[in-house]
Every structure is written in C-alpha cells, then in structure tokens.
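J.: Provided below: protein_20.csv, containing CSV, C-alpha atoms and all ligand atoms.
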```csv
chain,number,residue,atom,x,y,z
A,15,MET,CA,121.4,-71.7,26.3
A,16,TYR,CA,118.6,-71.8,28.8
A,17,LYS,CA,117.6,-69.7,31.8
A,18,LEU,CA,116.3,-71.2,35.0
A,19,VAL,CA,115.2,-69.3,38.2
A,20,LEU,CA,115.2,-70.9,41.7
A,21,VAL,CA,113.7,-69.1,44.7
A,22,ARG,CA,113.5,-70.1,48.3
A,23,HIS,CA,110.2,-69.1,49.9
A,24,GLY,CA,110.1,-65.8,51.8
A,25,GLU,CA,110.5,-65.8,55.6
A,26,SER,CA,108.0,-68.2,57.3
A,27,GLU,CA,106.4,-67.8,60.7
A,28,TRP,CA,108.8,-70.6,61.9
A,29,ASN,CA,111.9,-69.1,60.3
A,30,LYS,CA,111.0,-66.0,62.3
A,31,SER,CA,110.7,-68.0,65.6
A,32,ASN,CA,113.7,-70.1,64.7
A,33,LEU,CA,112.0,-73.5,64.7
A,34,PHE,CA,112.9,-76.6,62.7
A,35,THR,CA,110.1,-76.7,60.1
A,36,GLY,CA,110.6,-79.4,57.4
A,37,TRP,CA,107.2,-80.7,56.2
A,38,THR,CA,105.2,-78.6,58.8
A,39,ASP,CA,102.9,-76.5,56.7
A,40,VAL,CA,103.5,-73.1,58.2
A,41,ASP,CA,102.6,-69.8,56.6
A,42,LEU,CA,104.7,-66.9,55.4
A,43,SER,CA,105.3,-64.1,57.9
A,44,GLU,CA,104.4,-60.5,57.0
A,45,LYS,CA,108.1,-60.0,56.1
A,46,GLY,CA,108.0,-63.2,54.0
A,47,VAL,CA,105.1,-61.8,51.9
A,48,GLU,CA,107.1,-58.6,51.4
A,49,GLU,CA,110.2,-60.6,50.3
A,50,ALA,CA,108.1,-62.6,47.8
A,51,MET,CA,106.7,-59.4,46.2
A,52,ALA,CA,110.2,-57.9,46.2
A,53,ALA,CA,111.4,-61.0,44.4
A,54,GLY,CA,108.7,-60.6,41.7
A,55,LYS,CA,109.8,-57.0,41.3
A,56,LEU,CA,113.4,-57.9,40.9
A,57,LEU,CA,112.6,-60.6,38.3
A,58,LYS,CA,110.4,-58.1,36.4
A,59,GLU,CA,113.2,-55.5,36.4
A,60,GLU,CA,115.5,-58.2,35.0
A,61,ASN,CA,113.0,-58.7,32.1
A,62,LEU,CA,112.7,-62.3,32.9
A,63,VAL,CA,109.5,-64.1,31.8
A,64,PHE,CA,108.3,-67.6,32.7
A,65,ASP,CA,106.2,-70.2,30.8
A,66,VAL,CA,105.8,-72.7,33.5
A,67,ALA,CA,106.3,-72.8,37.3
A,68,TYR,CA,107.0,-75.5,39.9
A,69,THR,CA,106.5,-75.6,43.6
A,70,SER,CA,106.0,-77.9,46.5
A,71,TYR,CA,102.9,-79.0,48.5
A,72,LEU,CA,103.8,-76.5,51.2
A,73,ARG,CA,102.0,-73.1,51.5
A,74,ARG,CA,105.1,-71.0,52.2
A,75,ALA,CA,106.5,-72.0,48.8
A,76,ILE,CA,103.1,-71.9,47.0
A,77,LYS,CA,102.3,-68.5,48.3
A,78,THR,CA,105.7,-67.1,47.5
A,79,LEU,CA,105.3,-68.3,43.9
A,80,HIS,CA,101.8,-66.7,43.8
A,81,TYR,CA,103.1,-63.3,45.0
A,82,ILE,CA,106.0,-63.5,42.5
A,83,LEU,CA,103.7,-64.4,39.6
A,84,ASP,CA,101.1,-61.8,40.6
A,85,THR,CA,103.8,-59.1,40.8
A,86,MET,CA,105.0,-60.1,37.3
A,87,ASN,CA,101.4,-60.3,35.9
A,88,LEU,CA,102.0,-64.1,35.2
A,89,LEU,CA,99.5,-65.7,37.4
A,90,TRP,CA,98.0,-67.4,34.4
A,91,ILE,CA,101.0,-69.7,33.6
A,92,PRO,CA,100.7,-73.4,34.2
A,93,THR,CA,102.0,-74.2,37.8
A,94,TYR,CA,102.8,-77.7,38.9
A,95,LYS,CA,102.9,-78.7,42.6
A,96,THR,CA,104.7,-81.8,43.9
A,97,TRP,CA,105.6,-83.2,47.3
A,98,GLN,CA,109.0,-84.0,45.7
A,99,LEU,CA,110.0,-80.4,46.0
A,100,ASN,CA,109.0,-80.2,49.7
A,101,GLU,CA,111.5,-79.2,52.3
A,102,ARG,CA,113.8,-81.9,53.6
A,103,HIS,CA,111.8,-83.8,56.3
A,104,TYR,CA,113.3,-82.8,59.6
A,105,GLY,CA,111.9,-85.8,61.5
A,106,ALA,CA,111.3,-85.5,65.2
A,107,LEU,CA,113.2,-82.1,65.2
A,108,GLN,CA,110.2,-80.5,63.5
A,109,GLY,CA,108.6,-77.9,65.9
A,110,LEU,CA,111.7,-77.7,68.2
A,111,SER,CA,113.6,-74.5,68.6
A,112,LYS,CA,117.0,-74.5,66.9
A,113,LEU,CA,118.5,-72.5,69.7
A,114,THR,CA,117.2,-74.8,72.5
A,115,THR,CA,118.2,-77.9,70.6
A,116,ALA,CA,121.7,-76.5,70.2
A,117,GLN,CA,121.8,-75.8,74.0
A,118,LYS,CA,120.7,-79.4,74.7
A,119,TYR,CA,122.7,-81.4,72.2
A,120,GLY,CA,125.5,-79.0,71.3
A,121,ASP,CA,126.2,-76.7,68.3
A,122,GLU,CA,128.2,-79.4,66.5
A,123,GLN,CA,125.3,-82.0,66.7
A,124,VAL,CA,122.9,-79.4,65.4
A,125,ARG,CA,125.3,-78.4,62.6
A,126,LEU,CA,125.5,-82.0,61.6
A,127,TRP,CA,121.7,-82.4,61.6
A,128,ARG,CA,121.3,-79.2,59.6
A,129,ARG,CA,124.1,-79.3,57.1
A,130,SER,CA,125.8,-82.7,56.8
A,131,TYR,CA,125.0,-84.6,53.6
A,132,ASP,CA,124.1,-88.0,55.1
A,133,VAL,CA,123.4,-87.7,58.8
A,134,LEU,CA,119.7,-88.3,59.5
A,135,PRO,CA,117.9,-86.2,62.1
A,136,PRO,CA,116.0,-88.3,64.8
A,137,ALA,CA,113.1,-90.0,63.1
A,138,LEU,CA,109.3,-89.7,63.7
A,139,THR,CA,107.4,-92.9,64.6
A,140,LYS,CA,104.3,-93.8,62.6
A,141,ASP,CA,102.0,-93.0,65.5
A,142,ASP,CA,103.3,-89.5,65.7
A,143,GLU,CA,100.7,-86.9,64.7
A,144,ARG,CA,103.4,-85.3,62.5
A,145,TYR,CA,103.6,-88.5,60.3
A,146,PRO,CA,102.9,-87.2,56.8
A,147,ARG,CA,100.5,-90.1,56.0
A,148,ASN,CA,98.0,-88.3,58.4
A,149,GLU,CA,97.7,-85.5,55.8
A,150,ASP,CA,95.3,-85.8,52.9
A,151,LYS,CA,97.7,-84.1,50.5
A,152,TYR,CA,100.1,-87.1,50.6
A,153,ARG,CA,97.4,-89.7,49.9
A,154,ASP,CA,98.9,-90.5,46.5
A,155,VAL,CA,102.4,-90.9,47.8
A,156,PRO,CA,103.4,-94.6,48.1
A,157,ASP,CA,104.1,-95.7,51.7
A,158,GLN,CA,107.7,-96.5,51.1
A,159,LEU,CA,108.3,-92.9,49.9
A,160,ILE,CA,106.7,-91.2,52.9
A,161,PRO,CA,109.6,-90.1,55.1
A,162,LEU,CA,110.0,-90.4,58.8
A,163,ALA,CA,113.1,-88.2,58.6
A,164,GLU,CA,115.5,-87.3,55.7
A,165,SER,CA,119.1,-86.4,55.4
A,166,LEU,CA,120.0,-84.2,52.4
A,167,LYS,CA,121.0,-87.4,50.6
A,168,GLU,CA,117.4,-88.7,50.6
A,169,THR,CA,116.2,-85.3,49.6
A,170,VAL,CA,118.5,-85.3,46.6
A,171,VAL,CA,117.0,-88.6,45.4
A,172,ARG,CA,113.5,-87.4,45.2
A,173,VAL,CA,114.3,-83.9,43.9
A,174,GLN,CA,116.6,-85.3,41.2
A,175,ASP,CA,114.0,-87.8,40.2
A,176,TYR,CA,111.4,-85.0,39.7
A,177,TRP,CA,113.9,-82.8,37.9
A,178,GLU,CA,114.9,-85.5,35.4
A,179,LYS,CA,111.3,-86.7,34.7
A,180,GLU,CA,109.4,-83.4,34.7
A,181,ILE,CA,111.4,-80.2,34.8
A,182,ALA,CA,114.4,-80.9,32.6
A,183,PRO,CA,112.3,-82.0,29.6
A,184,GLN,CA,110.3,-78.7,29.8
A,185,ILE,CA,113.5,-76.7,29.8
A,186,MET,CA,114.9,-78.7,26.9
A,187,ASN,CA,111.6,-77.9,25.1
A,188,GLY,CA,112.5,-74.2,25.4
A,189,LYS,CA,110.2,-73.4,28.3
A,190,HIS,CA,111.3,-70.7,30.8
A,191,VAL,CA,111.0,-72.2,34.2
A,192,ILE,CA,110.8,-70.9,37.8
A,193,ILE,CA,110.9,-73.1,40.8
A,194,SER,CA,109.7,-71.9,44.2
A,195,ALA,CA,110.9,-74.3,46.9
A,196,HIS,CA,112.8,-74.6,50.2
A,197,GLY,CA,116.3,-74.1,51.7
A,198,ASN,CA,117.2,-77.8,51.6
A,199,SER,CA,115.2,-79.0,48.6
A,200,LEU,CA,117.0,-76.3,46.6
A,201,ARG,CA,120.3,-77.2,48.2
A,202,ALA,CA,119.6,-80.8,46.9
A,203,LEU,CA,118.8,-79.5,43.4
A,204,ILE,CA,121.9,-77.2,43.4
A,205,LYS,CA,124.1,-80.1,44.6
A,206,TYR,CA,122.9,-82.1,41.6
A,207,LEU,CA,123.0,-79.2,39.0
A,208,ASP,CA,126.4,-77.9,40.1
A,209,ASN,CA,127.8,-81.3,40.7
A,210,LEU,CA,129.0,-80.4,44.2
A,211,SER,CA,130.7,-82.9,46.4
A,212,ASN,CA,129.3,-84.1,49.7
A,213,GLU,CA,131.7,-81.7,51.4
A,214,GLU,CA,131.1,-78.7,49.2
A,215,ILE,CA,127.4,-78.8,49.8
A,216,ILE,CA,127.8,-78.4,53.6
A,217,ASP,CA,128.7,-74.7,53.3
A,218,LEU,CA,126.0,-73.8,50.9
A,219,ASN,CA,123.1,-71.7,52.3
A,220,ILE,CA,120.2,-70.2,50.5
A,221,PRO,CA,118.6,-66.9,51.5
A,222,THR,CA,114.8,-66.5,51.7
A,223,GLY,CA,113.1,-64.7,48.8
A,224,ILE,CA,116.1,-63.9,46.7
A,225,PRO,CA,115.9,-65.2,43.1
A,226,LEU,CA,118.8,-67.3,41.9
A,227,VAL,CA,119.2,-67.1,38.1
A,228,TYR,CA,121.0,-69.9,36.3
A,229,THR,CA,122.2,-69.9,32.7
A,230,LEU,CA,122.4,-73.5,31.5
A,231,ASP,CA,124.0,-75.0,28.4
A,232,GLU,CA,122.3,-77.4,25.9
A,233,GLN,CA,123.0,-80.3,28.3
A,234,LEU,CA,121.6,-78.3,31.2
A,235,HIS,CA,125.0,-77.9,32.8
A,236,PRO,CA,125.3,-74.5,34.5
A,237,ILE,CA,127.4,-71.8,32.7
A,238,GLU,CA,126.6,-69.0,35.2
A,239,LYS,CA,124.5,-68.3,38.2
A,240,TYR,CA,123.8,-65.1,40.2
A,241,TYR,CA,121.4,-63.8,42.8
A,242,LEU,CA,119.3,-60.8,42.0
A,243,GLY,CA,119.6,-57.8,44.3
A,244,SER,CA,122.3,-55.9,46.2
A,245,GLU,CA,125.4,-57.9,47.2
A,246,GLU,CA,125.3,-56.4,50.8
A,247,HIS,CA,121.6,-57.5,51.3
A,248,ILE,CA,122.3,-61.0,49.9
A,249,GLN,CA,125.4,-61.4,52.2
A,250,HIS,CA,123.4,-60.3,55.3
A,251,LYS,CA,120.6,-62.8,54.5
A,252,LEU,CA,123.1,-65.6,53.9
A,253,GLU,CA,124.5,-64.9,57.4
A,254,GLN,CA,121.0,-65.1,58.8
A,255,VAL,CA,120.5,-68.6,57.4
A,256,ALA,CA,124.0,-69.8,58.4
A,257,HIS,CA,123.6,-68.5,62.0
A,258,PRO,CA,120.0,-68.2,62.8
A,259,ASP,CA,120.6,-67.9,66.5
A,260,THR,CA,122.9,-64.8,66.3
A,261,ILE,CA,121.4,-62.5,63.8
A,262,MET,CA,117.7,-61.6,64.2
A,263,GLU,CA,117.1,-58.7,61.8
A,301,LIG,O1,113.0,-76.7,57.7
A,301,LIG,C1,113.5,-75.7,58.2
A,301,LIG,O2,113.7,-75.6,59.4
A,301,LIG,C2,114.1,-74.6,57.3
A,301,LIG,O3,113.3,-74.5,56.2
A,301,LIG,C3,115.5,-74.9,56.9
A,301,LIG,O4,116.2,-75.0,58.0
A,301,LIG,P1,117.8,-75.1,58.0
A,301,LIG,O5,118.4,-73.9,57.4
A,301,LIG,O6,118.0,-75.2,59.5
A,301,LIG,O7,118.2,-76.4,57.4
```
As structure tokens, please, write out the structure in this file.
Ligand SMILES: O=C(O)[C@H](O)COP(=O)(O)O

T.:
Amino acid sequence: MYKLVLVRHGESEWNKSNLFTGWTDVDLSEKGVEEAMAAGKLLKEENLVFDVAYTSYLRRAIKTLHYILDTMNLLWIPTYKTWQLNERHYGALQGLSKLTTAQKYGDEQVRLWRRSYDVLPPALTKDDERYPRNEDKYRDVPDQLIPLAESLKETVVRVQDYWEKEIAPQIMNGKHVIISAHGNSLRALIKYLDNLSNEEIIDLNIPTGIPLVYTLDEQLHPIEKYYLGSEEHIQHKLEQVAHPDTIME
C-alpha cells in the first residue's frame, strides 16, 4: 500500500477577487499563505513524511508547496516542477470576473465552461499577450502542446501523461509523494485515479489548501481517501469553490 497527498494551492489573489485565472501566474493572498502553512501543520500532525514533491510552473502552487515543506521541516526534499501540472488553461476567460461573465452569458454557460468535461472555453489567439508562448518558462514546451484554451479533457491528457511517466514510477519505488497543484489539474488527476465518469467529475470541487490523503494499492488504485481537518471547515470551503459568487468568507 502507498500513501499519496494532493493539495490545491492556498487562496490566490484572483481567487479572492473571483477572476478566471488558468495559466495567469498570480500570487497567493495573505489568507492563501496562512492556508498553506496550516496544511503543513495538519500533515505534520498526521505524521506524514515526504521523499519527493511535484508542483506546477505557477507561483501559487510552488509557494504553497514551499510553505508546506517549510512547516514540515522538509524543504530539502527533491521537488520537480512541470507545466503539465499547471491549472487548466481558461483561454480568453482568463482575467475576467466569474460574476460579470455569468451576468453576461448566464449561469448555465459559466457552469459549462467551469465544470463540464469537454466544453472548451473561448480560445485565445496567438497574438494575445496572454499566449503562453510569450513567457520564457514555456520555451521548452513544443508548439503543438501550448494551449490556447483547454477543457478538462485536454487537461486530463497532459496530467495523466506526467503521472504515468514521472510520478507513478516514484510511488511504485516506495517514495512518499506530495503534489501541490490546482483546482482543475487535480480534478483531472482525480478523474483518472478514481476512474470517474465524465458526468461524475462535474460535481467534484477541490477546496484550497486542504490536504487530500490517498491510500493506494499495489497497482495504484485508490483504497481510501480523506481530507485532513474538520468536516465543517472542509464543507464550507467546498461550498466556496462550487459557488464563488455567493459565499465570500
Ligand atoms: O483558474 C481558476 O480560475 C481557478 O483556479 C479554478 O477556477 P474554477 O473553480 O472556476 O474552475
């Protein structure tokens, strides 16, 4: 049996202002930093230890991992960063308010863009300043893999590819792994790990900064999973993600 921990980054500045973020490299809010440190504390109290860590190319996930590992006195462990664990690319929605977009296009359209499995958000054009190719950190990513927009389906492809090639072999080798990533890149991974249908994944939300602990069998099939922390706190945070326009604090 193996243990695996997934954690969505703490609240970001754009989570706080309720903006579509995707690959925009925004920082953690003050509350996000506190959430990350609290996650480290919970993991320590659970007596979990890690040998290797994975995160995305985005500072909100990288910093969350850093605060967690610092709190656990594990900053020294090898940490791998990859664009393949980045948030789902939200295309031309990036930077728009989720509330204003719902007022303009309707709640149902926004729900489809946010949670359906295979509906693409409106795409960027290559001359848009938000085109990822403009950023040095993606210089080694082949052109055909640089997204202009992604549905969860495309996100699953790149996350699953990285999982199979890099992360799964480490776990099979007995390494204790933590992954710090994003709401939708983790939904993509969980869809794959839990073998959820395209319908089941629609209702899955991931709270910020709450460690999700998996127990996996020898074939890396999940046996058990649970969030760390109080049930009430987790439920409240899940509501916030599901309805970001209605619950602010
Ligand atoms: O990219 C974003 O806006 C968030 O990280 C995830 O947003 P969602 O919960 O609206 O998909």

J.: Can I get the residues close to ligand LIG 301 (chain A) as a list in words, where close means within 6 Å and we count all atoms listed in the file?

T.: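 Answer in the requested format: Leu33, Phe34, Thr35, Gly36, Arg128, Gly197 and Val255 of chain A.
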
J.: Print the selection's residues with C-alpha atoms to a file, as an mmCIF file, in the coordinates of the input.

T.:
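The resulting file, result.cif, is reproduced below:
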```cif
data_model
loop_
_atom_site.group_PDB
_atom_site.id
_atom_site.type_symbol
_atom_site.label_atom_id
_atom_site.label_comp_id
_atom_site.auth_asym_id
_atom_site.auth_seq_id
_atom_site.Cartn_x
_atom_site.Cartn_y
_atom_site.Cartn_z
ATOM 1 C CA LEU A 33 112.000 -73.500 64.700
ATOM 2 C CA PHE A 34 112.900 -76.600 62.700
ATOM 3 C CA THR A 35 110.100 -76.700 60.100
ATOM 4 C CA GLY A 36 110.600 -79.400 57.400
ATOM 5 C CA ARG A 128 121.300 -79.200 59.600
ATOM 6 C CA GLY A 197 116.300 -74.100 51.700
ATOM 7 C CA VAL A 255 120.500 -68.600 57.400
#
```

J.: May I ask which of the residues A:Leu252, A:Ile216, A:Ala202, A:Ile224 is the closest one to Lys55 (chain A), counting only C-alpha atoms?

T.: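 Looking only at the distances to Lys55 (chain A), the closest residue turns out to be A:Ile224.
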
J.: Have a look at A:Gln98, A:Thr229, A:Ser194, A:Ser244 and name the one nearest to Ala67 (chain A); count all atoms listed in the file.

T.: A:Ser194

J.: At what distance in Å, to one decimal, does CA of Glu49 (chain A) lie from CA of His257 (chain A)?

T.: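 Atom-to-atom, CA of His257 (chain A) and CA of Glu49 (chain A) are spaced 19.5 Å apart.
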
J.: Quick one, how far is CA of Glu164 (chain A) from CA of Lys205 (chain A)?

T.: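 Rounded to one decimal, the two atoms are 15.8 Å apart.
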